[in-house]
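Asks: Sharing data_17.cif (mmCIF, C-alpha atoms and all ligand atoms) below.
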```
data_input
loop_
_atom_site.label_atom_id
_atom_site.label_comp_id
_atom_site.auth_asym_id
_atom_site.auth_seq_id
_atom_site.Cartn_x
_atom_site.Cartn_y
_atom_site.Cartn_z
CA MET A 223 -1.71 40.25 12.84
CA GLY A 224 -4.75 41.83 14.52
CA GLY A 225 -5.96 40.23 17.70
CA ARG A 226 -9.50 39.64 16.46
CA ARG A 227 -8.40 37.86 13.32
CA GLU A 228 -6.04 35.70 15.30
CA MET A 229 -8.85 34.78 17.71
CA LYS A 230 -11.07 33.71 14.83
CA ARG A 231 -8.33 31.55 13.42
CA ARG A 232 -7.82 29.90 16.78
CA ASP A 233 -11.52 29.23 17.18
CA PHE A 234 -11.58 27.63 13.75
CA LEU A 235 -8.65 25.40 14.58
CA LYS A 236 -10.19 24.40 17.90
CA GLY A 237 -13.32 23.32 16.08
CA SER A 238 -11.49 21.36 13.41
CA ALA A 239 -12.29 17.67 13.23
CA VAL A 240 -8.69 16.69 13.72
CA ALA A 241 -7.66 19.06 16.51
CA GLY A 242 -5.58 17.26 19.05
CA ALA A 243 -3.94 14.70 16.81
CA ALA A 244 -0.24 15.03 17.31
CA ALA A 245 2.02 13.06 14.99
CA VAL A 246 3.49 15.18 12.22
CA CYS A 247 6.48 14.56 10.02
CA GLY A 248 8.31 16.74 7.55
CA ALA A 249 6.81 15.21 4.42
CA GLY A 250 3.30 15.07 5.92
CA GLN A 251 0.38 16.65 4.14
CA ALA A 252 -1.25 17.54 7.42
CA ALA A 253 1.12 20.29 8.49
CA ALA A 254 1.09 21.68 11.99
CA GLN A 255 -0.70 24.99 12.15
CA GLU A 256 0.21 26.26 15.58
CA ALA A 257 0.60 25.04 19.10
CA GLY A 258 -2.70 24.96 20.97
CA GLY A 259 -3.22 25.91 24.60
CA ASP A 260 -2.12 22.44 25.68
CA GLY A 261 1.04 22.64 23.59
CA MET A 262 -0.21 20.04 21.12
CA PRO A 263 0.00 20.82 17.40
CA LYS A 264 -3.22 21.38 15.48
CA LEU A 265 -3.60 19.72 12.09
CA THR A 266 -5.29 20.83 8.91
CA PRO A 267 -8.23 18.58 8.04
CA PRO A 268 -7.94 16.90 4.63
CA SER A 269 -9.62 18.69 1.71
CA GLN A 270 -11.51 15.49 0.85
CA LYS A 271 -12.87 12.91 3.27
CA ALA A 272 -11.05 9.58 3.38
CA GLN A 273 -12.74 6.41 2.11
CA LEU A 274 -12.18 2.81 3.12
CA ASN A 275 -11.71 1.14 -0.25
CA LEU A 276 -11.30 -2.54 0.55
CA CYS A 277 -9.38 -4.63 -1.94
CA LEU A 278 -8.29 -8.23 -2.54
CA GLN A 279 -5.32 -9.61 -4.45
CA TRP A 280 -6.26 -11.53 -7.56
CA GLY A 281 -5.27 -14.99 -6.34
CA GLY A 282 -7.23 -14.59 -3.11
CA ILE A 283 -10.55 -13.64 -4.71
CA PRO A 284 -13.06 -16.49 -4.67
CA GLY A 285 -14.11 -17.64 -8.12
CA GLY A 286 -12.33 -19.05 -11.14
CA GLU A 287 -13.24 -16.82 -14.06
CA MET A 288 -12.52 -13.09 -14.18
CA LYS A 289 -16.22 -12.24 -14.15
CA GLU A 290 -16.88 -14.47 -11.15
CA LYS A 291 -14.10 -12.80 -9.16
CA LEU A 292 -15.30 -9.29 -9.99
CA ASP A 293 -18.89 -10.25 -9.14
CA PHE A 294 -17.69 -11.47 -5.74
CA LEU A 295 -15.84 -8.21 -5.02
CA GLU A 296 -18.81 -6.07 -5.98
CA ALA A 297 -21.34 -8.14 -4.08
CA ASN A 298 -19.30 -8.09 -0.88
CA GLY A 299 -18.38 -4.45 -0.39
CA PHE A 300 -14.99 -4.27 -2.09
CA ALA A 301 -14.06 -1.17 -4.08
CA SER A 302 -10.84 -2.27 -5.70
CA VAL A 303 -8.81 -5.12 -7.15
CA GLU A 304 -5.06 -5.78 -6.91
CA ILE A 305 -3.45 -7.70 -9.76
CA PRO A 306 -0.21 -9.64 -10.20
CA SER A 307 2.69 -7.89 -11.96
CA GLY A 308 5.08 -9.72 -14.32
CA ASP A 309 3.33 -10.50 -17.62
CA TRP A 310 -0.13 -10.48 -16.11
CA PRO A 311 -1.08 -6.86 -16.88
CA ILE A 312 0.23 -7.23 -20.45
CA LYS A 313 -1.66 -10.47 -21.06
CA ASN A 314 -4.88 -9.70 -19.19
CA GLY A 315 -5.09 -5.90 -19.08
CA GLU A 316 -7.53 -5.43 -21.95
CA ALA A 317 -9.82 -8.22 -20.80
CA LEU A 318 -9.89 -6.82 -17.26
CA VAL A 319 -10.68 -3.28 -18.43
CA GLU A 320 -13.49 -4.72 -20.54
CA ALA A 321 -14.81 -6.81 -17.63
CA LEU A 322 -14.74 -3.76 -15.34
CA LYS A 323 -17.01 -1.69 -17.59
CA GLY A 324 -20.13 -0.65 -15.70
CA ARG A 325 -18.68 -1.77 -12.36
CA LYS A 326 -17.65 0.42 -9.45
CA LEU A 327 -14.22 -1.17 -8.98
CA PHE A 328 -10.86 0.46 -9.57
CA ILE A 329 -7.57 -1.26 -10.36
CA ALA A 330 -5.16 -0.68 -7.50
CA THR A 331 -1.58 -1.83 -7.81
CA ALA A 332 0.21 -4.68 -9.54
CA CYS A 333 2.20 -6.72 -7.05
CA GLY A 334 5.19 -8.99 -7.74
CA PRO A 335 8.94 -9.40 -7.22
CA SER A 336 11.57 -6.86 -8.33
CA ASP A 337 15.24 -6.30 -7.55
CA PHE A 338 17.42 -3.32 -8.42
CA SER A 339 20.36 -4.11 -6.17
CA TYR A 340 22.56 -6.04 -8.64
CA ALA A 341 26.08 -4.68 -8.77
CA GLU A 342 26.27 -5.40 -12.52
CA PRO A 343 24.67 -2.50 -14.40
CA GLU A 344 23.52 -4.91 -17.15
CA LYS A 345 21.41 -6.86 -14.67
CA ARG A 346 19.82 -3.70 -13.32
CA GLU A 347 19.14 -2.58 -16.87
CA GLU A 348 17.44 -5.91 -17.61
CA GLU A 349 15.15 -5.32 -14.64
CA VAL A 350 14.28 -1.81 -15.87
CA GLN A 351 13.60 -3.07 -19.42
CA LYS A 352 11.42 -5.86 -18.03
CA PHE A 353 9.15 -3.40 -16.22
CA LEU A 354 8.79 -0.67 -18.87
CA PRO A 355 6.09 -2.54 -20.86
CA VAL A 356 4.39 -3.62 -17.62
CA ILE A 357 4.14 0.05 -16.63
CA GLU A 358 2.67 0.90 -20.05
CA ALA A 359 0.03 -1.79 -19.62
CA LEU A 360 -0.78 -0.49 -16.13
CA GLY A 361 -1.14 3.02 -17.52
CA LYS A 362 -3.63 1.79 -20.12
CA MET A 363 -5.59 0.08 -17.35
CA LYS A 364 -5.56 3.24 -15.22
CA SER A 365 -3.97 1.22 -12.45
CA VAL A 366 -2.62 3.05 -9.40
CA GLY A 367 0.83 1.65 -10.05
CA LEU A 368 3.53 -0.97 -9.93
CA ILE A 369 4.69 -2.08 -6.48
CA ILE A 370 8.47 -2.13 -6.21
CA CYS A 371 10.73 -3.38 -3.43
CA PRO A 372 14.13 -2.12 -4.57
CA ALA A 373 16.13 -4.86 -2.81
CA ARG A 374 15.66 -8.13 -0.98
CA GLY A 375 18.06 -10.35 0.93
CA LYS A 376 21.44 -9.20 2.14
CA LEU A 377 23.15 -6.32 0.38
CA SER A 378 26.42 -7.44 1.99
CA GLU A 379 26.54 -10.43 -0.37
CA PRO A 380 28.88 -10.31 -3.35
CA GLY A 381 27.27 -9.06 -6.52
CA ARG A 382 25.09 -6.49 -4.74
CA LEU A 383 25.31 -2.74 -4.42
CA SER A 384 25.78 -1.32 -0.94
CA ALA A 385 22.73 0.42 0.53
CA LYS A 386 24.34 3.79 -0.17
CA GLU A 387 25.12 2.94 -3.78
CA LEU A 388 21.67 1.45 -4.30
CA ARG A 389 19.89 4.52 -2.98
CA LYS A 390 21.82 6.79 -5.33
CA ASP A 391 21.36 4.50 -8.33
CA PHE A 392 17.67 3.93 -7.63
CA VAL A 393 16.91 7.64 -7.15
CA GLU A 394 18.98 8.82 -10.11
CA ASN A 395 18.79 5.89 -12.51
CA THR A 396 16.60 2.77 -12.22
CA GLY A 397 13.78 4.09 -10.01
CA LYS A 398 13.89 7.49 -11.67
CA ARG A 399 13.51 6.06 -15.19
CA LEU A 400 10.66 3.77 -14.17
CA ALA A 401 8.90 6.63 -12.37
CA GLU A 402 9.30 8.96 -15.36
CA HIS A 403 7.92 6.28 -17.64
CA ALA A 404 5.03 5.73 -15.22
CA ALA A 405 4.23 9.45 -15.02
CA LYS A 406 4.24 9.62 -18.83
CA HIS A 407 1.71 6.76 -18.97
CA GLY A 408 -0.52 8.05 -16.18
CA THR A 409 0.48 5.61 -13.45
CA SER A 410 3.22 5.34 -10.80
CA ILE A 411 5.78 3.17 -9.13
CA VAL A 412 4.83 2.38 -5.53
CA LEU A 413 7.72 1.73 -3.16
CA GLU A 414 7.02 -0.91 -0.55
CA PRO A 415 8.97 -0.91 2.73
CA LEU A 416 9.53 -4.45 4.09
CA ARG A 417 10.76 -6.03 7.32
CA ARG A 418 14.42 -6.02 8.33
CA ASN A 419 14.75 -9.76 7.73
CA GLU A 420 13.52 -9.26 4.16
CA THR A 421 15.47 -6.18 3.12
CA PRO A 422 18.19 -4.06 4.67
CA PHE A 423 17.29 -1.21 2.33
CA LEU A 424 13.77 0.13 2.73
CA ARG A 425 11.98 -0.61 6.00
CA GLN A 426 10.00 2.49 6.92
CA VAL A 427 7.21 4.35 5.23
CA ALA A 428 8.84 7.72 5.94
CA ASP A 429 12.04 6.56 4.23
CA GLY A 430 10.07 5.30 1.23
CA ALA A 431 8.29 8.65 1.04
CA ARG A 432 11.63 10.45 1.11
CA ILE A 433 13.00 8.25 -1.69
CA ALA A 434 9.82 8.80 -3.71
CA ALA A 435 10.05 12.56 -3.17
CA ASP A 436 13.71 12.53 -4.23
CA ILE A 437 12.81 10.63 -7.39
CA GLY A 438 9.98 13.03 -8.22
CA PRO A 439 6.84 12.64 -10.39
CA GLY A 440 5.69 9.07 -10.95
CA ALA A 441 7.06 7.77 -7.63
CA SER A 442 4.95 7.07 -4.55
CA VAL A 443 4.99 4.90 -1.44
CA MET A 444 2.77 2.38 0.32
CA GLY A 445 2.45 0.95 3.80
CA ASP A 446 1.91 -2.72 4.66
CA PHE A 447 0.51 -3.17 8.18
CA TRP A 448 2.37 -6.48 8.52
CA HIS A 449 5.80 -4.95 7.88
CA MET A 450 4.91 -1.73 9.71
CA GLN A 451 4.01 -3.69 12.83
CA LEU A 452 7.70 -4.53 13.30
CA GLU A 453 9.35 -1.46 11.81
CA GLU A 454 7.27 1.54 12.86
CA THR A 455 6.69 3.11 16.26
CA SER A 456 3.27 4.36 15.18
CA PHE A 457 0.99 3.27 12.32
CA MET A 458 -0.64 6.69 12.29
CA GLY A 459 2.64 8.56 12.40
CA ALA A 460 4.08 6.44 9.60
CA PHE A 461 1.12 7.07 7.31
CA LEU A 462 1.19 10.79 8.06
CA CYS A 463 4.86 10.87 7.11
CA ALA A 464 3.93 9.65 3.63
CA GLY A 465 1.28 12.35 3.17
CA LYS A 466 0.08 12.71 -0.40
CA LEU A 467 2.71 10.24 -1.58
CA LEU A 468 0.80 7.34 0.02
CA THR A 469 -0.97 5.50 -2.81
CA HIS A 470 -1.55 1.99 -1.49
CA VAL A 471 -1.96 -0.01 1.73
CA HIS A 472 -1.56 -3.75 2.41
CA ILE A 473 -3.21 -5.28 5.44
CA ALA A 474 -2.83 -8.65 7.19
CA GLY A 475 -3.21 -10.03 10.70
CA LEU A 476 -0.78 -8.43 13.14
CA LYS A 477 -0.01 -11.59 15.12
CA GLU A 478 0.14 -13.91 12.12
CA ARG A 479 0.39 -12.90 8.47
CA ILE A 480 -3.04 -14.27 7.67
CA ILE A 481 -6.44 -12.75 6.99
CA PRO A 482 -7.35 -10.10 9.61
CA GLY A 483 -9.94 -11.00 12.20
CA VAL A 484 -8.69 -14.42 13.29
CA HIS A 485 -6.75 -13.08 16.32
CA PRO A 486 -7.88 -10.39 18.77
CA GLU A 487 -4.54 -8.59 18.21
CA ASP A 488 -5.77 -7.41 14.80
CA VAL A 489 -6.45 -3.77 15.68
CA TYR A 490 -5.93 -1.16 12.96
CA VAL A 491 -7.74 1.84 14.46
CA ASP A 492 -4.57 3.89 14.98
CA GLY A 493 -3.44 3.32 11.39
CA PHE A 494 -6.90 4.05 10.04
CA ARG A 495 -6.87 7.32 11.97
CA GLY A 496 -3.74 8.25 10.03
CA LEU A 497 -5.42 7.37 6.74
CA LYS A 498 -8.43 9.48 7.71
CA LEU A 499 -6.20 12.43 8.57
CA LEU A 500 -4.68 12.18 5.09
CA GLY A 501 -8.03 11.96 3.31
CA TYR A 502 -6.71 8.67 1.91
CA ARG A 503 -8.81 7.17 -0.87
CA GLY A 504 -6.48 4.47 -2.13
CA ALA A 505 -7.03 0.76 -1.60
CA VAL A 506 -6.62 -1.20 1.63
CA SER A 507 -5.72 -4.58 0.22
CA PHE A 508 -5.43 -7.91 2.04
CA GLU A 509 -2.06 -9.56 1.44
CA GLY A 510 -1.44 -12.65 3.49
CA GLY A 511 -2.20 -16.30 4.01
CA TRP A 512 -4.90 -18.32 5.70
CA PRO A 513 -5.16 -20.13 9.02
CA LYS A 514 -4.32 -23.81 8.94
CA ASN A 515 -7.07 -26.30 8.29
CA PRO A 516 -7.68 -27.75 11.77
CA GLU A 517 -8.69 -31.09 10.28
CA ASP A 518 -5.69 -31.45 8.00
CA PRO A 519 -2.97 -28.74 8.06
CA LYS A 520 -1.56 -30.03 4.75
CA LYS A 521 -4.81 -29.54 2.91
CA GLY A 522 -5.40 -25.83 3.38
CA LEU A 523 -8.73 -24.25 4.24
CA PRO A 524 -11.77 -25.12 2.15
CA GLN A 525 -12.98 -22.25 -0.06
CA GLU A 526 -16.19 -22.00 1.91
CA GLU A 527 -14.25 -21.23 5.07
CA ARG A 528 -11.98 -18.76 3.25
CA THR A 529 -15.01 -16.89 1.99
CA ARG A 530 -16.43 -16.77 5.50
CA LEU A 531 -13.15 -15.29 6.75
CA ILE A 532 -13.11 -12.69 3.96
CA LEU A 533 -16.58 -11.52 4.94
CA ASN A 534 -15.54 -11.50 8.60
CA MET A 535 -12.55 -9.28 7.66
CA VAL A 536 -14.81 -6.86 5.78
CA ARG A 537 -17.03 -6.50 8.85
CA LEU A 538 -14.07 -6.07 11.22
CA LEU A 539 -12.29 -3.47 9.09
CA ARG A 540 -15.49 -1.47 8.57
CA GLU A 541 -16.11 -1.44 12.33
CA GLN A 542 -12.56 -0.31 13.06
CA TRP A 543 -12.67 2.34 10.32
CA ALA A 544 -15.79 3.75 11.97
CA MET A 545 -13.96 3.83 15.32
CA ALA A 546 -10.92 5.66 13.94
MG MG B 1 2.97 -6.13 1.11
#
```
Could you rewrite the structure in this file as structure tokens?
Replies:
Amino acid sequence: MGGRREMKRRDFLKGSAVAGAAAVCGAGQAAAQEAGGDGMPKLTPPSQKAQLNLCLQWGGIPGGEMKEKLDFLEANGFASVEIPSGDWPIKNGEALVEALKGRKLFIATACGPSDFSYAEPEKREEEVQKFLPVIEALGKMKSVGLIICPARGKLSEPGRLSAKELRKDFVENTGKRLAEHAAKHGTSIVLEPLRRNETPFLRQVADGARIAADIGPGASVMGDFWHMQLEETSFMGAFLCAGKLLTHVHIAGLKERIIPGVHPEDVYVDGFRGLKLLGYRGAVSFEGGWPKNPEDPKKGLPQEERTRLILNMVRLLREQWAMA
């Protein structure tokens, strides 16, 4: 290549908004372009700018009625809503779509338990059959997808597949069929890596991205800051490893699994930098509990105080997003 052209390319890369960021993985969207003068890789900026789309899970949204909850989200700077899985999307999907008309909220994921690690094929088949209509309902709602944790507990227990067997079966059979069904209905399955004490199977975002890539269309991955805090060496690196396959993010306090902003340890700037590098526009959804009621730990926090903490979280996450 001619020297002049090469110079221009270098100048462009030097000027890029993301020059200097270093973490790159094989599956990452932001591929390394070339080594710069300091030996650090240069990254391609995302084709679209990332957005912080804050989201709450259904049960945690203040308000009783559907309309009240959606009003709260809209009035307080949220862009998205996360719903329960199980029968919920089938029973409430139409009503929610109707209630969302004219609002600027999108339906992120449906979240609930799943298990594909049973050694008995009939039990795994039951689990697949259970989720097929849920996926159809999510497709109709234009939801991002169905969160799936392929296995919980100990795979060494009797009646469970080994991790090796489960990976093969999930990629070729159970996960594959759900993902194909999801792709057909315009949604996805979203693999969620958990902590080591919760699952021996899927603990890292990069691994989830690899499994999703092996499954193919209809499969994606998410990152949950709470789990990532224990399992990843870098929030940013982990998100970059997922690249375009990252479709959802859960967030909670990093010291305690409660609403962010209660402890000073709740710093997400590094992770947000990763999301910005990806041009991520999915939801960042709070999944966690609440601090104890100082007056009576058994009682739980009054709604008024919960609402105050939600608004405090919104402010904190916006500030940290701006810093990233
Ligand atoms: Mg989670």
Asks: Could you build a table of the residues in chain A lying no more than 7 Å from ligand MG 1 (chain B), giving for each the nearest pair of atoms and their separation in Å rounded to one decimal place, using only C-alpha atoms and all ligand atoms, ordered by chain and ascending residue number, as CSV?
Replies:
```
residue,atom,partner,partner_atom,distance
A:Glu414,CA,B:MG1,MG,6.8
A:Asp446,CA,B:MG1,MG,5.0
A:His472,CA,B:MG1,MG,5.3
A:Glu509,CA,B:MG1,MG,6.1
```
Asks: How about saving the chosen residues, C-alpha atoms kept, as a PDB file, keeping the file's coordinate frame?
Replies:
```pdb
ATOM      1  CA  GLU A 414       7.020  -0.910  -0.550  1.00  0.00           C
ATOM      2  CA  ASP A 446       1.910  -2.720   4.660  1.00  0.00           C
ATOM      3  CA  HIS A 472      -1.560  -3.750   2.410  1.00  0.00           C
ATOM      4  CA  GLU A 509      -2.060  -9.560   1.440  1.00  0.00           C
TER       5      GLU A 509
END
```
Asks: So that I can see what lies close to Arg346 of chain A, please list as a count of residues only the residues with an atom at most 10 Å from it, counting only C-alpha atoms and leaving out residues fewer than 3 positions away in the same chain.
Replies: 15
Asks: Under the rule that all atoms listed in the file are counted, which of A:Cys463, A:His449, A:Pro482, A:Lys289 is the nearest residue to Asp429 of chain A?
Replies: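 Result for the nearest residue to Asp429 of chain A: A:Cys463.
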Asks: When you draw a straight line from atom CA of Ile369 of chain A to atom CA of Ala428 of chain A, how long is it in Å?
Replies: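 Pair atom CA of Ile369 of chain A / atom CA of Ala428 of chain A returns 16.4 Å.
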Asks: When distances are computed from all atoms listed in the file, which of A:Pro284, A:Ile305, A:Lys264, A:Lys498 shows the smallest separation from Leu531 of chain A?
Replies: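 Using all atoms listed in the file, Leu531 of chain A sits closest to A:Pro284.
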Asks: When you look at Phe508 of chain A with a cut-off of 8 Å (counting only C-alpha atoms), what residues show up, excluding the ones that are within fewer than 5 positions of it in the same chain? I need them as number ranges by chain.
Replies: A: 277-279, 472-474, 481
Asks: Quick one: which segment 361-456 of chain A residues come within 12 Å of segment 323-327 of chain A, and what is the nearest atom pair for each with the distance in Å to one decimal, counting all atoms listed in the file, rows ordered by chain and ascending number, as CSV?
Replies:
```
residue,atom,partner,partner_atom,distance
A:Met363,CA,A:Lys323,CA,11.6
A:Lys364,CA,A:Leu327,CA,11.5
A:Ser365,CA,A:Leu327,CA,11.1
```
Asks: May I ask which of the residues A:Trp310, A:Tyr502, A:Phe423, A:Tyr490 is the closest one to Leu476 of chain A, counting only C-alpha atoms?
Replies: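 Among A:Trp310, A:Tyr502, A:Phe423, A:Tyr490, it is A:Tyr490 that comes nearest to Leu476 of chain A.
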Asks: I need the residue nearest Glu454 of chain A from this list: A:Arg425, A:Arg530, A:Lys390, A:Lys376. Use all atoms listed in the file for the distance.
Replies: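 Smallest distance to Glu454 of chain A is found for A:Arg425.
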Asks: Between atom CA of Trp512 of chain A and atom CA of Gln542 of chain A, what is the distance, to one decimal in Å?
Replies: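 We find that atom CA of Trp512 of chain A and atom CA of Gln542 of chain A lie 20.9 Å from each other.
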Asks: Looking at only C-alpha atoms, which of A:Gly361, A:Gly381, A:Gly496, A:Pro439 is the one that sits closest to Gly465 of chain A?
Replies: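 Closest candidate: A:Gly496.
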Asks: With the cut-off set at 9 Å and counting all atoms listed in the file, tabulate each residue of segment 438-540 of chain A with an atom at most that distance from an atom of segment 399-413 of chain A, showing the nearest atom pair and its distance in Å to one decimal, ordered by chain and increasing number, as a Markdown table.
Replies:
```
| residue | atom | partner | partner_atom | distance |
| --- | --- | --- | --- | --- |
| A:Gly438 | CA | A:Ala401 | CA | 7.7 |
| A:Pro439 | CA | A:Ala405 | CA | 6.2 |
| A:Gly440 | CA | A:Ala401 | CA | 4.3 |
| A:Ala441 | CA | A:Ile411 | CA | 5.0 |
| A:Ser442 | CA | A:Val412 | CA | 4.8 |
| A:Val443 | CA | A:Leu413 | CA | 4.5 |
| A:Met444 | CA | A:Leu413 | CA | 6.1 |
| A:Gly445 | CA | A:Leu413 | CA | 8.8 |
| A:Leu468 | CA | A:Val412 | CA | 8.5 |
| A:Thr469 | CA | A:Val412 | CA | 7.1 |
| A:His470 | CA | A:Val412 | CA | 7.6 |
```
Asks: With C-alpha atoms retained, write the just-selected residues as a short mmCIF file (atom, residue, chain, number, x, y, z; two decimals), in the frame of the given file.
Replies:
```
data_model
loop_
_atom_site.label_atom_id
_atom_site.label_comp_id
_atom_site.auth_asym_id
_atom_site.auth_seq_id
_atom_site.Cartn_x
_atom_site.Cartn_y
_atom_site.Cartn_z
CA GLY A 438 9.98 13.03 -8.22
CA PRO A 439 6.84 12.64 -10.39
CA GLY A 440 5.69 9.07 -10.95
CA ALA A 441 7.06 7.77 -7.63
CA SER A 442 4.95 7.07 -4.55
CA VAL A 443 4.99 4.90 -1.44
CA MET A 444 2.77 2.38 0.32
CA GLY A 445 2.45 0.95 3.80
CA LEU A 468 0.80 7.34 0.02
CA THR A 469 -0.97 5.50 -2.81
CA HIS A 470 -1.55 1.99 -1.49
#
```
Asks: If I take atom CA of Glu348 of chain A and atom CA of Ser307 of chain A, how far is one from the other in Å, to one decimal?
Replies: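 Distance between the two atoms: 15.9 Å.
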Asks: Taking all atoms listed in the file into account, name the residue in A:Pro415, A:Gly430, A:Pro516, A:Gly315 that is nearest to Gln451 of chain A.
Replies: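 Nearest candidate to Gln451 of chain A out of A:Pro415, A:Gly430, A:Pro516, A:Gly315: A:Pro415.
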Asks: Pull the neighbourhood of (-1.9, 3.7, 7.9) for me: all residues within 7 Å in file coordinates, counting only C-alpha atoms, as a PyMOL selection string.
Replies: chain A and resi 445+457-458+460-461+493-494+496-497
Asks: Go ahead and save the residues from that selection, with C-alpha atoms, as a short mmCIF file (atom, residue, chain, number, x, y, z; two decimals), in the coordinates of the input.
Replies:
```cif
data_model
loop_
_atom_site.label_atom_id
_atom_site.label_comp_id
_atom_site.auth_asym_id
_atom_site.auth_seq_id
_atom_site.Cartn_x
_atom_site.Cartn_y
_atom_site.Cartn_z
CA GLY A 445 2.45 0.95 3.80
CA PHE A 457 0.99 3.27 12.32
CA MET A 458 -0.64 6.69 12.29
CA ALA A 460 4.08 6.44 9.60
CA PHE A 461 1.12 7.07 7.31
CA GLY A 493 -3.44 3.32 11.39
CA PHE A 494 -6.90 4.05 10.04
CA GLY A 496 -3.74 8.25 10.03
CA LEU A 497 -5.42 7.37 6.74
#
```
Asks: With only C-alpha atoms as the counted atoms, please give the residues lying no more than 10 Å from segment 299-302 of chain A, apart from itself and same-chain residues fewer than 2 positions off, as a PyMOL selection string.
Replies: chain A and resi 273-279+292+294-297+304+325-331+504-507+533+536-537+540
Asks: Could the residues in this selection be written to a file with C-alpha atoms, as an mmCIF file, in the frame of the given file?
Replies:
```
data_model
loop_
_atom_site.group_PDB
_atom_site.id
_atom_site.type_symbol
_atom_site.label_atom_id
_atom_site.label_comp_id
_atom_site.auth_asym_id
_atom_site.auth_seq_id
_atom_site.Cartn_x
_atom_site.Cartn_y
_atom_site.Cartn_z
ATOM 1 C CA GLN A 273 -12.740 6.410 2.110
ATOM 2 C CA LEU A 274 -12.180 2.810 3.120
ATOM 3 C CA ASN A 275 -11.710 1.140 -0.250
ATOM 4 C CA LEU A 276 -11.300 -2.540 0.550
ATOM 5 C CA CYS A 277 -9.380 -4.630 -1.940
ATOM 6 C CA LEU A 278 -8.290 -8.230 -2.540
ATOM 7 C CA GLN A 279 -5.320 -9.610 -4.450
ATOM 8 C CA LEU A 292 -15.300 -9.290 -9.990
ATOM 9 C CA PHE A 294 -17.690 -11.470 -5.740
ATOM 10 C CA LEU A 295 -15.840 -8.210 -5.020
ATOM 11 C CA GLU A 296 -18.810 -6.070 -5.980
ATOM 12 C CA ALA A 297 -21.340 -8.140 -4.080
ATOM 13 C CA GLU A 304 -5.060 -5.780 -6.910
ATOM 14 C CA ARG A 325 -18.680 -1.770 -12.360
ATOM 15 C CA LYS A 326 -17.650 0.420 -9.450
ATOM 16 C CA LEU A 327 -14.220 -1.170 -8.980
ATOM 17 C CA PHE A 328 -10.860 0.460 -9.570
ATOM 18 C CA ILE A 329 -7.570 -1.260 -10.360
ATOM 19 C CA ALA A 330 -5.160 -0.680 -7.500
ATOM 20 C CA THR A 331 -1.580 -1.830 -7.810
ATOM 21 C CA GLY A 504 -6.480 4.470 -2.130
ATOM 22 C CA ALA A 505 -7.030 0.760 -1.600
ATOM 23 C CA VAL A 506 -6.620 -1.200 1.630
ATOM 24 C CA SER A 507 -5.720 -4.580 0.220
ATOM 25 C CA LEU A 533 -16.580 -11.520 4.940
ATOM 26 C CA VAL A 536 -14.810 -6.860 5.780
ATOM 27 C CA ARG A 537 -17.030 -6.500 8.850
ATOM 28 C CA ARG A 540 -15.490 -1.470 8.570
#
```
